[in-house]
Amino acid sequence: MIIFLDFDGVLHPSTVYLRGGKPILDGDGELFMWAPLLINALSEFSACKIVLSTNWVRRLGFESTCDLLPVGLRERVIGSTWHSVMETPRYNDGLTLSYWNDATRFQQIKHWAQFNKLHLNEWIAVDDDASGWPDSDSDNLVLLNGRAGLSDATKLGMLKSKLSSYQVSSVDFLS
């Protein structure tokens, strides 16, 4: 199981900006304040991996972004939807870097999933932005309110439920 993980509006409120190359939360709280909720939710799913689906990677780089994550999430990260590999013909299918600059989060996720041959029951996106997300793939999205993120118990429960059902589907698929 893969989780495509946004940061802003998911692990902390969406009001984050860069100052001097460092992310700053504008308002109450702190960066990654809801990360322990996700770490706890994932504790039952040891095989679950994370692909970063956040503009932080584009601005800070993959390694620097990973280094900012709490260890309990960092150790699950296997890649990012935004990466320097996008410039290689093997990955980009002829798509230019300007395409990736304008691609919706969904388009980046879908391309990563297809490139890595993931089935629909093998991934979930957790984000506060549904722009460009088609109804046909809406079951793969846990859409959060950017002010509440994963602190919304209902949405956190939805994520856990999806992880459980997808895990069962994957087991059924493999047997």
# chains A, B, ... in the order shown; residues from 1 in each chain; ligands from 1
call {"tool": "select_by_dssp", "arguments": {"residues": "stretch 2-131 of chain A", "states": "alpha helix (DSSP H)", "output": "ChimeraX atom specification"}}
result
/A:35-42,55-60,62-68,71-74,89-92,97-102,105-115
call {"tool": "write_last_selection", "arguments": {"atoms": "N, CA and C atoms", "output": "short mmCIF file (atom, residue, chain, number, x, y, z; two decimals), in the first residue's frame"}}
result
data_model
loop_
_atom_site.label_atom_id
_atom_site.label_comp_id
_atom_site.auth_asym_id
_atom_site.auth_seq_id
_atom_site.Cartn_x
_atom_site.Cartn_y
_atom_site.Cartn_z
N ALA A 35 1.41 14.96 12.68
CA ALA A 35 2.15 13.79 12.23
C ALA A 35 2.01 12.60 13.19
N PRO A 36 2.01 12.81 14.51
CA PRO A 36 1.84 11.66 15.41
C PRO A 36 0.53 10.90 15.18
N LEU A 37 -0.50 11.61 14.74
CA LEU A 37 -1.77 10.94 14.43
C LEU A 37 -1.61 9.98 13.26
N LEU A 38 -0.88 10.40 12.24
CA LEU A 38 -0.64 9.54 11.09
C LEU A 38 0.30 8.39 11.46
N ILE A 39 1.32 8.69 12.21
CA ILE A 39 2.25 7.63 12.65
C ILE A 39 1.49 6.56 13.41
N ASN A 40 0.61 6.97 14.31
CA ASN A 40 -0.20 6.03 15.07
C ASN A 40 -1.14 5.24 14.16
N ALA A 41 -1.79 5.93 13.23
CA ALA A 41 -2.72 5.25 12.31
C ALA A 41 -1.99 4.21 11.46
N LEU A 42 -0.76 4.50 11.08
CA LEU A 42 0.00 3.58 10.23
C LEU A 42 0.65 2.44 11.01
N ASN A 55 4.48 20.20 -2.52
CA ASN A 55 5.33 21.16 -3.23
C ASN A 55 6.62 21.46 -2.46
N TRP A 56 6.75 20.98 -1.24
CA TRP A 56 7.99 21.16 -0.49
C TRP A 56 9.16 20.53 -1.24
N VAL A 57 8.94 19.38 -1.86
CA VAL A 57 10.02 18.69 -2.57
C VAL A 57 10.52 19.55 -3.72
N ARG A 58 9.61 20.17 -4.40
CA ARG A 58 9.97 21.03 -5.53
C ARG A 58 10.79 22.23 -5.08
N ARG A 59 10.44 22.77 -3.92
CA ARG A 59 11.11 23.98 -3.43
C ARG A 59 12.37 23.69 -2.60
N LEU A 60 12.34 22.61 -1.83
CA LEU A 60 13.45 22.32 -0.91
C LEU A 60 14.34 21.16 -1.35
N PHE A 62 14.22 16.78 -2.47
CA PHE A 62 13.71 15.55 -1.87
C PHE A 62 14.38 15.24 -0.53
N GLU A 63 15.70 15.21 -0.51
CA GLU A 63 16.42 14.85 0.72
C GLU A 63 16.14 15.83 1.86
N SER A 64 16.17 17.12 1.56
CA SER A 64 15.92 18.14 2.59
C SER A 64 14.51 18.02 3.14
N THR A 65 13.56 17.73 2.26
CA THR A 65 12.17 17.57 2.69
C THR A 65 12.05 16.34 3.59
N CYS A 66 12.63 15.24 3.19
CA CYS A 66 12.59 14.03 4.01
C CYS A 66 13.20 14.27 5.39
N ASP A 67 14.29 15.00 5.42
CA ASP A 67 14.98 15.27 6.69
C ASP A 67 14.12 16.03 7.69
N LEU A 68 13.13 16.78 7.20
CA LEU A 68 12.26 17.55 8.08
C LEU A 68 11.15 16.70 8.71
N VAL A 71 10.75 10.91 12.29
CA VAL A 71 11.34 9.62 11.93
C VAL A 71 10.27 8.59 11.57
N GLY A 72 9.18 8.56 12.32
CA GLY A 72 8.13 7.58 12.08
C GLY A 72 7.50 7.66 10.70
N LEU A 73 7.59 8.80 10.06
CA LEU A 73 7.13 8.94 8.68
C LEU A 73 8.30 8.82 7.72
N ARG A 74 9.41 9.45 8.06
CA ARG A 74 10.58 9.45 7.17
C ARG A 74 11.01 8.04 6.79
N PRO A 89 13.86 10.72 -20.05
CA PRO A 89 12.88 10.19 -21.01
C PRO A 89 12.20 8.92 -20.53
N ARG A 90 12.91 8.06 -19.80
CA ARG A 90 12.32 6.80 -19.34
C ARG A 90 11.09 7.05 -18.46
N TYR A 91 11.13 8.10 -17.70
CA TYR A 91 10.03 8.39 -16.78
C TYR A 91 8.98 9.31 -17.38
N ASN A 92 9.40 10.32 -18.11
CA ASN A 92 8.46 11.38 -18.46
C ASN A 92 7.61 11.13 -19.68
N LEU A 97 9.27 19.40 -18.79
CA LEU A 97 9.29 19.90 -17.42
C LEU A 97 8.19 20.93 -17.21
N SER A 98 7.85 21.69 -18.26
CA SER A 98 6.77 22.67 -18.13
C SER A 98 5.44 21.97 -17.85
N TYR A 99 5.25 20.75 -18.37
CA TYR A 99 4.05 19.99 -18.04
C TYR A 99 4.00 19.74 -16.54
N TRP A 100 5.13 19.29 -15.99
CA TRP A 100 5.17 18.97 -14.56
C TRP A 100 4.97 20.21 -13.70
N ASN A 101 5.41 21.35 -14.19
CA ASN A 101 5.20 22.60 -13.45
C ASN A 101 3.72 22.93 -13.33
N ASP A 102 2.93 22.54 -14.33
CA ASP A 102 1.50 22.87 -14.36
C ASP A 102 0.59 21.69 -14.00
N ARG A 105 -1.95 17.92 -8.77
CA ARG A 105 -1.46 16.89 -7.85
C ARG A 105 -1.95 15.53 -8.32
N PHE A 106 -3.21 15.47 -8.74
CA PHE A 106 -3.75 14.20 -9.22
C PHE A 106 -2.96 13.67 -10.42
N GLN A 107 -2.66 14.54 -11.38
CA GLN A 107 -1.92 14.10 -12.57
C GLN A 107 -0.54 13.57 -12.19
N GLN A 108 0.12 14.22 -11.26
CA GLN A 108 1.43 13.74 -10.81
C GLN A 108 1.31 12.38 -10.13
N ILE A 109 0.30 12.24 -9.27
CA ILE A 109 0.08 10.98 -8.56
C ILE A 109 -0.25 9.87 -9.54
N LYS A 110 -1.16 10.14 -10.45
CA LYS A 110 -1.59 9.13 -11.41
C LYS A 110 -0.41 8.66 -12.27
N HIS A 111 0.41 9.60 -12.70
CA HIS A 111 1.57 9.22 -13.50
C HIS A 111 2.52 8.34 -12.69
N TRP A 112 2.78 8.72 -11.44
CA TRP A 112 3.66 7.91 -10.59
C TRP A 112 3.09 6.51 -10.41
N ALA A 113 1.78 6.43 -10.14
CA ALA A 113 1.12 5.14 -9.92
C ALA A 113 1.19 4.27 -11.18
N GLN A 114 0.92 4.86 -12.34
CA GLN A 114 0.97 4.10 -13.59
C GLN A 114 2.40 3.67 -13.92
N PHE A 115 3.35 4.57 -13.74
CA PHE A 115 4.75 4.26 -14.02
C PHE A 115 5.23 3.09 -13.17
#
call {"tool": "residues_around", "arguments": {"residues": "stretch 138-150 of chain A", "least_positions_apart": "3", "cutoff": "9 Å", "atoms": "only C-alpha atoms", "output": "compact mmCIF listing (two decimals) with N, CA and C atoms, in the first residue's frame"}}
result
# COMPACT_ATOMS: atom_id res chain seq x y z
N ASP A 8 1.03 20.35 3.82
CA ASP A 8 0.24 21.51 4.23
C ASP A 8 -1.25 21.18 4.15
N GLY A 9 -1.94 21.39 5.26
CA GLY A 9 -3.36 21.06 5.32
C GLY A 9 -3.61 19.61 5.67
N VAL A 10 -2.55 18.85 5.90
CA VAL A 10 -2.64 17.44 6.26
C VAL A 10 -1.92 17.18 7.59
N LEU A 11 -0.63 17.46 7.63
CA LEU A 11 0.18 17.23 8.84
C LEU A 11 0.24 18.46 9.74
N HIS A 12 -0.22 19.57 9.24
CA HIS A 12 -0.33 20.85 9.97
C HIS A 12 -1.25 21.75 9.15
N PRO A 13 -1.71 22.88 9.68
CA PRO A 13 -2.58 23.76 8.89
C PRO A 13 -1.90 24.18 7.58
N SER A 14 -2.72 24.56 6.63
CA SER A 14 -2.23 24.84 5.27
C SER A 14 -1.50 26.17 5.13
N THR A 15 -1.46 26.96 6.18
CA THR A 15 -0.87 28.31 6.11
C THR A 15 0.64 28.28 6.35
N TRP A 34 0.34 17.31 13.46
CA TRP A 34 -0.58 16.17 13.39
C TRP A 34 0.11 14.91 12.88
N ALA A 35 1.41 14.96 12.68
CA ALA A 35 2.15 13.79 12.23
C ALA A 35 2.01 12.60 13.19
N LEU A 37 -0.50 11.61 14.74
CA LEU A 37 -1.77 10.94 14.43
C LEU A 37 -1.61 9.98 13.26
N LEU A 38 -0.88 10.40 12.24
CA LEU A 38 -0.64 9.54 11.09
C LEU A 38 0.30 8.39 11.46
N LEU A 120 -5.51 0.28 -8.60
CA LEU A 120 -6.31 1.25 -7.83
C LEU A 120 -6.41 0.88 -6.37
N ASN A 121 -6.37 -0.41 -6.05
CA ASN A 121 -6.50 -0.81 -4.64
C ASN A 121 -5.16 -0.83 -3.92
N TRP A 123 -3.16 2.17 -3.61
CA TRP A 123 -2.71 3.50 -3.21
C TRP A 123 -3.87 4.38 -2.75
N ILE A 124 -3.50 5.33 -1.88
CA ILE A 124 -4.43 6.34 -1.34
C ILE A 124 -3.67 7.66 -1.32
N ALA A 125 -4.37 8.74 -1.65
CA ALA A 125 -3.79 10.08 -1.53
C ALA A 125 -4.45 10.78 -0.35
N VAL A 126 -3.64 11.48 0.44
CA VAL A 126 -4.15 12.26 1.57
C VAL A 126 -3.76 13.71 1.30
N ASP A 127 -4.78 14.56 1.07
CA ASP A 127 -4.52 15.91 0.60
C ASP A 127 -5.67 16.82 1.00
N ASP A 128 -5.42 18.13 0.97
CA ASP A 128 -6.48 19.10 1.22
C ASP A 128 -6.90 19.80 -0.07
N ASP A 129 -6.45 19.29 -1.20
CA ASP A 129 -6.75 19.91 -2.50
C ASP A 129 -7.23 18.84 -3.47
N ALA A 130 -8.46 18.97 -3.93
CA ALA A 130 -9.04 18.01 -4.87
C ALA A 130 -9.05 18.53 -6.30
N TRP A 133 -9.17 16.34 -9.58
CA TRP A 133 -9.38 14.96 -9.17
C TRP A 133 -10.69 14.46 -9.76
N PRO A 134 -10.68 13.45 -10.65
CA PRO A 134 -11.91 12.98 -11.27
C PRO A 134 -12.72 12.08 -10.32
N ASP A 135 -14.02 12.06 -10.53
CA ASP A 135 -14.89 11.21 -9.72
C ASP A 135 -14.48 9.75 -9.78
N ALA A 153 -11.10 13.91 13.42
CA ALA A 153 -11.22 12.49 13.78
C ALA A 153 -12.00 11.70 12.74
N THR A 154 -13.00 12.32 12.13
CA THR A 154 -13.79 11.64 11.10
C THR A 154 -12.92 11.30 9.90
N LYS A 155 -12.12 12.25 9.47
CA LYS A 155 -11.25 12.03 8.30
C LYS A 155 -10.14 11.03 8.63
N LEU A 156 -9.61 11.11 9.84
CA LEU A 156 -8.58 10.15 10.25
C LEU A 156 -9.18 8.74 10.27
N MET A 158 -11.65 7.77 8.40
CA MET A 158 -11.83 7.41 7.00
C MET A 158 -10.53 6.85 6.42
N LEU A 159 -9.42 7.48 6.75
CA LEU A 159 -8.13 7.00 6.27
C LEU A 159 -7.86 5.58 6.79
N LYS A 162 -10.04 3.10 4.95
CA LYS A 162 -9.55 2.84 3.59
C LYS A 162 -8.30 1.95 3.63
